[in-house]
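Asker: Pasting final22.cif here (mmCIF, C-alpha atoms and all ligand atoms):
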data_model
#
loop_
_atom_site.label_atom_id
_atom_site.label_comp_id
_atom_site.auth_asym_id
_atom_site.auth_seq_id
_atom_site.Cartn_x
_atom_site.Cartn_y
_atom_site.Cartn_z
CA MET A 942 0.00 0.00 0.00
CA LYS A 943 1.31 3.44 -0.88
CA PHE A 944 1.43 6.14 1.80
CA PHE A 945 0.81 9.77 0.82
CA VAL A 946 0.85 12.72 3.21
CA ASP A 947 -2.05 15.14 3.10
CA THR A 948 -0.56 18.54 3.87
CA GLY A 949 0.70 21.83 2.48
CA ASP A 950 3.44 22.08 5.09
CA LEU A 951 6.78 21.71 3.27
CA ASN A 952 8.76 21.10 6.46
CA GLU A 953 6.47 18.23 7.42
CA ILE A 954 6.84 16.80 3.89
CA LYS A 955 10.66 17.03 4.07
CA ASP A 956 10.67 15.36 7.47
CA LEU A 957 8.45 12.48 6.34
CA ALA A 958 10.24 12.08 3.00
CA ALA A 959 13.50 11.60 4.91
CA THR A 960 12.11 8.31 6.30
CA GLY A 961 12.13 6.86 2.78
CA LEU A 962 8.57 5.64 3.38
CA LEU A 963 6.64 8.45 1.71
CA ASP A 964 5.19 7.67 -1.73
CA GLY A 965 3.42 10.92 -2.56
CA VAL A 966 1.63 14.07 -1.40
CA THR A 967 -1.91 15.37 -1.61
CA THR A 968 -2.94 18.99 -1.14
CA ASN A 969 -6.24 20.79 -1.42
CA PRO A 970 -7.24 24.49 -1.48
CA SER A 971 -7.89 24.48 2.29
CA LEU A 972 -4.41 23.08 3.02
CA ILE A 973 -2.82 25.61 0.64
CA ALA A 974 -4.67 28.46 2.38
CA LYS A 975 -3.43 27.14 5.72
CA SER A 976 0.17 27.08 4.45
CA GLY A 977 0.08 30.79 3.56
CA ARG A 978 2.34 29.99 0.60
CA ASN A 979 2.14 30.81 -3.12
CA PHE A 980 0.45 27.71 -4.57
CA ILE A 981 2.52 27.32 -7.72
CA GLU A 982 5.85 27.86 -5.94
CA LEU A 983 4.89 25.47 -3.15
CA ILE A 984 3.86 22.67 -5.53
CA GLY A 985 7.17 23.09 -7.39
CA GLU A 986 9.12 22.81 -4.14
CA ILE A 987 7.14 19.75 -2.99
CA CYS A 988 7.80 18.07 -6.36
CA GLU A 989 11.53 18.51 -5.81
CA VAL A 990 11.34 16.77 -2.42
CA VAL A 991 9.06 13.87 -3.38
CA ASP A 992 9.45 11.67 -6.47
CA GLY A 993 5.90 10.26 -6.36
CA PRO A 994 2.64 11.92 -7.36
CA VAL A 995 1.93 15.37 -5.89
CA SER A 996 -1.75 16.26 -6.13
CA ALA A 997 -2.44 19.91 -6.99
CA GLU A 998 -6.10 20.86 -7.12
CA VAL A 999 -7.77 23.13 -9.65
CA ALA A 1000 -9.56 26.15 -8.16
CA ALA A 1001 -12.25 26.80 -10.77
CA THR A 1002 -15.44 24.78 -11.11
CA ASP A 1003 -16.29 25.32 -14.81
CA TYR A 1004 -14.94 23.05 -17.53
CA GLU A 1005 -12.94 25.56 -19.58
CA THR A 1006 -11.13 27.18 -16.66
CA MET A 1007 -10.51 23.88 -14.86
CA LEU A 1008 -8.99 22.44 -18.03
CA ALA A 1009 -6.72 25.48 -18.47
CA GLU A 1010 -5.71 25.36 -14.80
CA GLY A 1011 -5.07 21.61 -15.00
CA ARG A 1012 -2.85 21.99 -18.06
CA TYR A 1013 -0.93 24.78 -16.33
CA LEU A 1014 -0.47 22.79 -13.11
CA ALA A 1015 0.70 19.74 -15.06
CA LYS A 1016 3.58 21.78 -16.49
CA ILE A 1017 5.05 22.54 -13.04
CA ALA A 1018 6.76 19.14 -12.80
CA PRO A 1019 6.41 15.65 -14.30
CA ASN A 1020 5.09 14.24 -11.01
CA VAL A 1021 2.21 16.70 -10.64
CA CYS A 1022 -1.12 14.90 -10.42
CA VAL A 1023 -3.96 17.30 -11.25
CA LYS A 1024 -6.80 17.07 -8.76
CA VAL A 1025 -10.34 17.74 -9.97
CA PRO A 1026 -13.69 17.60 -8.16
CA LEU A 1027 -16.17 14.84 -8.83
CA THR A 1028 -18.62 16.88 -10.91
CA VAL A 1029 -19.73 16.56 -14.52
CA ASP A 1030 -17.25 19.24 -15.57
CA GLY A 1031 -14.55 17.79 -13.32
CA LEU A 1032 -14.88 14.39 -14.98
CA LYS A 1033 -14.84 15.97 -18.45
CA VAL A 1034 -11.53 17.61 -17.49
CA CYS A 1035 -10.30 14.29 -16.08
CA LYS A 1036 -10.98 12.57 -19.40
CA GLN A 1037 -9.19 15.29 -21.40
CA LEU A 1038 -6.14 15.37 -19.14
CA SER A 1039 -5.81 11.62 -18.71
CA ASP A 1040 -6.14 11.09 -22.48
CA ALA A 1041 -3.22 13.54 -22.82
CA GLY A 1042 -1.10 11.48 -20.38
CA THR A 1043 -1.52 13.66 -17.28
CA GLN A 1044 -2.10 11.97 -13.91
CA VAL A 1045 -5.49 12.91 -12.44
CA ASN A 1046 -6.83 12.52 -8.90
CA VAL A 1047 -10.63 12.81 -8.73
CA THR A 1048 -11.54 14.16 -5.31
CA LEU A 1049 -14.64 14.57 -3.14
CA CYS A 1050 -15.97 11.06 -3.89
CA PHE A 1051 -18.77 9.94 -1.59
CA SER A 1052 -20.46 7.09 -3.49
CA PRO A 1053 -19.54 3.93 -5.46
CA ALA A 1054 -21.40 5.29 -8.51
CA GLN A 1055 -19.17 8.38 -8.49
CA ALA A 1056 -16.11 6.12 -8.28
CA LEU A 1057 -17.28 4.13 -11.31
CA LEU A 1058 -17.67 7.35 -13.29
CA ALA A 1059 -14.16 8.49 -12.33
CA ALA A 1060 -12.73 5.17 -13.53
CA LYS A 1061 -14.56 5.56 -16.84
CA ALA A 1062 -13.07 9.06 -17.14
CA GLY A 1063 -9.58 7.54 -16.84
CA ALA A 1064 -8.71 8.81 -13.36
CA THR A 1065 -5.32 7.74 -12.03
CA PHE A 1066 -6.71 7.95 -8.49
CA ILE A 1067 -10.18 8.16 -6.96
CA SER A 1068 -10.32 9.84 -3.55
CA PRO A 1069 -13.19 8.62 -1.37
CA PHE A 1070 -13.41 10.64 1.88
CA VAL A 1071 -13.93 8.24 4.80
CA GLY A 1072 -13.74 10.70 7.70
CA ARG A 1073 -16.25 13.16 6.27
CA LEU A 1074 -18.77 10.31 5.78
CA ASP A 1075 -18.21 9.15 9.36
CA ASP A 1076 -18.73 12.75 10.48
CA ILE A 1077 -22.31 12.71 9.14
CA GLY A 1078 -23.12 9.31 10.64
CA GLN A 1079 -22.42 7.17 7.54
CA ASP A 1080 -19.88 4.35 7.25
CA GLY A 1081 -16.87 5.72 5.38
CA LEU A 1082 -15.03 2.41 5.33
CA ASN A 1083 -18.03 0.72 3.73
CA LEU A 1084 -17.51 3.03 0.75
CA ILE A 1085 -13.89 1.88 0.44
CA SER A 1086 -14.99 -1.75 0.53
CA ASP A 1087 -17.58 -1.15 -2.22
CA ILE A 1088 -15.16 0.68 -4.52
CA VAL A 1089 -12.36 -1.86 -4.09
CA GLU A 1090 -14.82 -4.68 -4.86
CA ILE A 1091 -16.25 -2.97 -7.94
CA TYR A 1092 -12.86 -2.00 -9.40
CA ALA A 1093 -11.51 -5.53 -8.80
CA ALA A 1094 -14.37 -6.96 -10.87
CA TYR A 1095 -13.08 -5.25 -14.03
CA ASP A 1096 -9.55 -5.99 -15.29
CA HIS A 1097 -9.55 -2.90 -17.51
CA ILE A 1098 -10.00 -0.50 -14.56
CA LYS A 1099 -6.57 0.81 -13.64
CA THR A 1100 -7.77 3.61 -11.33
CA GLU A 1101 -6.25 3.31 -7.86
CA VAL A 1102 -8.34 3.73 -4.72
CA LEU A 1103 -6.75 6.56 -2.72
CA VAL A 1104 -8.36 6.58 0.74
CA ALA A 1105 -8.71 10.19 1.85
CA SER A 1106 -10.00 12.10 4.88
CA ILE A 1107 -8.31 9.57 7.17
CA ARG A 1108 -8.71 10.52 10.81
CA HIS A 1109 -6.90 7.70 12.65
CA PRO A 1110 -4.84 4.52 12.08
CA ILE A 1111 -7.93 2.24 12.12
CA HIS A 1112 -9.11 3.90 8.90
CA LEU A 1113 -5.76 2.96 7.37
CA ILE A 1114 -5.64 -0.62 8.68
CA GLU A 1115 -9.19 -1.44 7.62
CA SER A 1116 -8.59 0.08 4.17
CA ALA A 1117 -5.39 -1.94 3.80
CA LYS A 1118 -7.28 -5.14 4.70
CA MET A 1119 -9.72 -4.34 1.89
CA GLY A 1120 -6.87 -3.92 -0.59
CA ALA A 1121 -7.07 -0.15 -1.17
CA HIS A 1122 -4.02 0.96 -3.16
CA VAL A 1123 -3.13 4.25 -1.45
CA ALA A 1124 -3.84 6.11 1.80
CA THR A 1125 -3.33 9.81 2.24
CA MET A 1126 -2.97 10.85 5.85
CA PRO A 1127 -2.25 14.01 7.84
CA PRO A 1128 1.32 14.01 9.26
CA SER A 1129 -0.07 13.39 12.77
CA VAL A 1130 -1.73 10.13 11.68
CA ILE A 1131 1.43 8.94 9.90
CA ARG A 1132 3.38 9.52 13.12
CA GLN A 1133 0.75 7.63 15.13
CA LEU A 1134 1.45 4.55 12.97
CA TYR A 1135 4.90 4.16 14.50
CA SER A 1136 3.92 4.23 18.12
CA HIS A 1137 2.84 1.55 20.58
CA PRO A 1138 3.28 1.82 24.36
CA LEU A 1139 4.70 -1.72 24.51
CA THR A 1140 7.38 -0.75 21.97
CA ASP A 1141 8.41 2.18 24.21
CA LYS A 1142 8.30 0.06 27.35
CA GLY A 1143 10.18 -2.84 25.76
CA LEU A 1144 12.88 -0.58 24.33
CA ALA A 1145 13.40 1.16 27.67
CA ALA A 1146 13.96 -2.26 29.30
CA PHE A 1147 16.39 -3.38 26.57
CA VAL A 1148 18.40 -0.13 26.85
CA SER A 1149 18.57 -0.43 30.62
CA ASP A 1150 19.56 -4.13 30.58
CA TRP A 1151 22.14 -3.53 27.86
CA ALA A 1152 23.78 -0.82 29.98
CA LYS A 1153 24.29 -3.43 32.69
CA THR A 1154 26.49 -5.48 30.35
CA GLY A 1155 29.00 -2.62 30.11
CA GLN A 1156 29.53 -3.49 26.44
CA THR A 1157 29.30 -1.46 23.22
CA ILE A 1158 28.75 -3.12 19.85
CA LEU A 1159 30.94 -0.61 18.02
CA GLY A 1160 33.63 -1.10 20.66
CA ASN A 1161 33.76 -4.77 19.57
CA ALA A 1162 33.96 -3.73 15.94
CA LYS A 1163 36.88 -1.41 16.64
CA ALA A 1164 38.67 -4.15 18.59
CA ALA A 1165 38.33 -6.49 15.60
CA GLU A 1166 39.91 -3.96 13.19
C1 LIG B 1 -7.57 14.41 0.18
O1 LIG B 1 -6.94 14.55 -0.82
C2 LIG B 1 -8.08 15.51 0.99
O2 LIG B 1 -7.18 16.58 0.89
C3 LIG B 1 -8.18 15.19 2.45
O3 LIG B 1 -7.93 13.83 2.72
C4 LIG B 1 -9.40 15.74 3.11
O4 LIG B 1 -9.35 15.42 4.47
P1 LIG B 1 -10.27 16.15 5.56
O5 LIG B 1 -11.64 15.58 5.46
O6 LIG B 1 -9.62 15.81 6.87
O7 LIG B 1 -10.21 17.62 5.25
#
Show me this structure written as structure tokens.
Answerer:
Amino acid sequence: MKFFVDTGDLNEIKDLAATGLLDGVTTNPSLIAKSGRNFIELIGEICEVVDGPVSAEVAATDYETMLAEGRYLAKIAPNVCVKVPLTVDGLKVCKQLSDAGTQVNVTLCFSPAQALLAAKAGATFISPFVGRLDDIGQDGLNLISDIVEIYAAYDHIKTEVLVASIRHPIHLIESAKMGAHVATMPPSVIRQLYSHPLTDKGLAAFVSDWAKTGQTILGNAKAAE
């Protein structure tokens, strides 16, 4: 499963990219506003830090302007993935851009029917929002299960399920069990994945017991030189 980070914070992206475990980045207009940065410059800088897809979302909602914005964004770097909303015009833009070889992430997906349409439009990624469905009392993970099942039934569908609006590690684990291809998570959720109290407790005990031996591993290596 690929891990993307969902943020417009370049320092967070650099920090997570340094782990070697980051496969891509997603942004949206709200995250860009929060960053306070110039959108085009920021996307260019993110693309230099991360080799994988970097989603940059169009701002317009009409077909002509979205298409022009998408073409412009795609020129920033080869790994830009143009993000479009799941609307009639958004899917028309998706079809145009994907036919031209541009990666497209179709966002704001809340139903399996919408996901099927995005696949037909040639989307590289479909972004179903689990957390926002949970927020209104619906089962976000059920949507992931439905989309994964539907896409798997058709060999010709190459669109990857990119689980978005992840709020906690359980969203990730359950999506991984279903076979979703990608998860985009806020930096805080990615950091939560590493931690378990028994890991901390066990490591503290190992460090303390090792100190009692009075040995150092590198001391042995130096002695053998
Ligand atoms: C995905 O690409 C979106 O930017 C993101 O996952 C939305 O998450 P939110 O519902 O926490 O805003």
Asker: Each residue of chain A with at least one atom at most 6 Å from ligand LIG 1 (chain B) should appear once, together with its nearest atom pair and the corresponding distance in Å (one decimal); atoms considered: all atoms listed in the file; ordering: chain, then increasing residue number; output as a Markdown table.
Answerer:
| residue | atom | partner | partner_atom | distance |
| --- | --- | --- | --- | --- |
| A:Asp947 | CA | B:LIG1 | O2 | 5.8 |
| A:Thr967 | CA | B:LIG1 | O1 | 5.2 |
| A:Thr968 | CA | B:LIG1 | O2 | 5.3 |
| A:Asn969 | CA | B:LIG1 | O2 | 4.9 |
| A:Gly1072 | CA | B:LIG1 | O5 | 5.8 |
| A:Arg1073 | CA | B:LIG1 | O5 | 5.3 |
| A:Ala1105 | CA | B:LIG1 | O3 | 3.8 |
| A:Ser1106 | CA | B:LIG1 | O4 | 3.4 |
Asker: Would you mind telling me which residue in A:Ala1164, A:Leu1027, A:Val946, A:Leu963 lies nearest to Thr1125 of chain A when using only C-alpha atoms?
Answerer: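 So, comparing all the options, the nearest one is A:Val946.
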Asker: Can you list, as a PyMOL selection string, every protein, DNA or RNA residue that comes within 12 Å of Glu1090 of chain A when you count all atoms listed in the file, leaving out same-chain residues fewer than 2 positions away?
Answerer: chain A and resi 1053+1056-1057+1083-1088+1092-1096+1098+1102+1116+1119-1121
Asker: Applying 8 Å and all atoms listed in the file, which residues near Leu1049 of chain A remain after dropping the ones on its own chain fewer than 3 positions away? List them as an MDAnalysis selection string.
Answerer: chainID A and resid 1026:1027 1068:1070
Asker: At what distance in Å, to one decimal, does atom CA of Cys1022 of chain A lie from atom CA of Ile1067 of chain A?
Answerer: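 One can read the atom CA of Ile1067 of chain A to atom CA of Cys1022 of chain A distance as 11.8 Å.
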Asker: Set the distance at 12 Å and use all atoms listed in the file: which residues neighbour Lys955 of chain A once local chain neighbours fewer than 6 positions away are removed? I'd like the list as a ChimeraX atom specification.
Answerer: /A:946,948-949,961-963,965-966,986-992,1128
Asker: Convert the current residue selection to file output with C-alpha atoms, as a tab-separated table (two decimals), in the coordinates of the input.
Answerer:
chain	number	residue	atom	x	y	z
A	946	VAL	CA	0.85	12.72	3.21
A	948	THR	CA	-0.56	18.54	3.87
A	949	GLY	CA	0.70	21.83	2.48
A	961	GLY	CA	12.13	6.86	2.78
A	962	LEU	CA	8.57	5.64	3.38
A	963	LEU	CA	6.64	8.45	1.71
A	965	GLY	CA	3.42	10.92	-2.56
A	966	VAL	CA	1.63	14.07	-1.40
A	986	GLU	CA	9.12	22.81	-4.14
A	987	ILE	CA	7.14	19.75	-2.99
A	988	CYS	CA	7.80	18.07	-6.36
A	989	GLU	CA	11.53	18.51	-5.81
A	990	VAL	CA	11.34	16.77	-2.42
A	991	VAL	CA	9.06	13.87	-3.38
A	992	ASP	CA	9.45	11.67	-6.47
A	1128	PRO	CA	1.32	14.01	9.26
Asker: Expressed in Å to a single decimal, how great is the separation between atom CA of Ala1162 of chain A and atom CA of Ser1149 of chain A?
Answerer: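 Pair atom CA of Ala1162 of chain A / atom CA of Ser1149 of chain A returns 21.5 Å.
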Asker: Expressed in Å to a single decimal, how great is the separation between atom CA of Ala1165 of chain A and atom CA of Phe1147 of chain A?
Answerer: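 Going from atom CA of Ala1165 of chain A over to atom CA of Phe1147 of chain A, I get 24.7 Å.
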Asker: Excluding segment 1003-1020 of chain A and any residue of its chain fewer than 5 positions from it, enumerate the residues within 7 Å of it, using all atoms listed in the file, and give them as JSON, numbers by chain.
Answerer: {"A": [985, 988, 992, 993, 994, 995, 1030, 1031, 1034, 1043]}
Asker: So that I can check the surroundings of segment 1061-1065 of chain A, please list as a count of residues only every protein, DNA and RNA residue that reaches within 7 Å of it, counting all atoms listed in the file and ignoring chain neighbours fewer than 4 positions away.
Answerer: 11
Asker: With all atoms listed in the file as the basis for distance, which of A:Leu957, A:Cys1050, A:Gly1160, A:Leu951 is at the shortest distance from Phe980 of chain A?
Answerer: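 Nearest to Phe980 of chain A: A:Leu951.
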Asker: With distances taken over only C-alpha atoms, which of A:Leu1058, A:Asp950, A:Ala958, A:Asp1080 is nearest to Arg978 of chain A?
Answerer: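 Closest candidate: A:Asp950.
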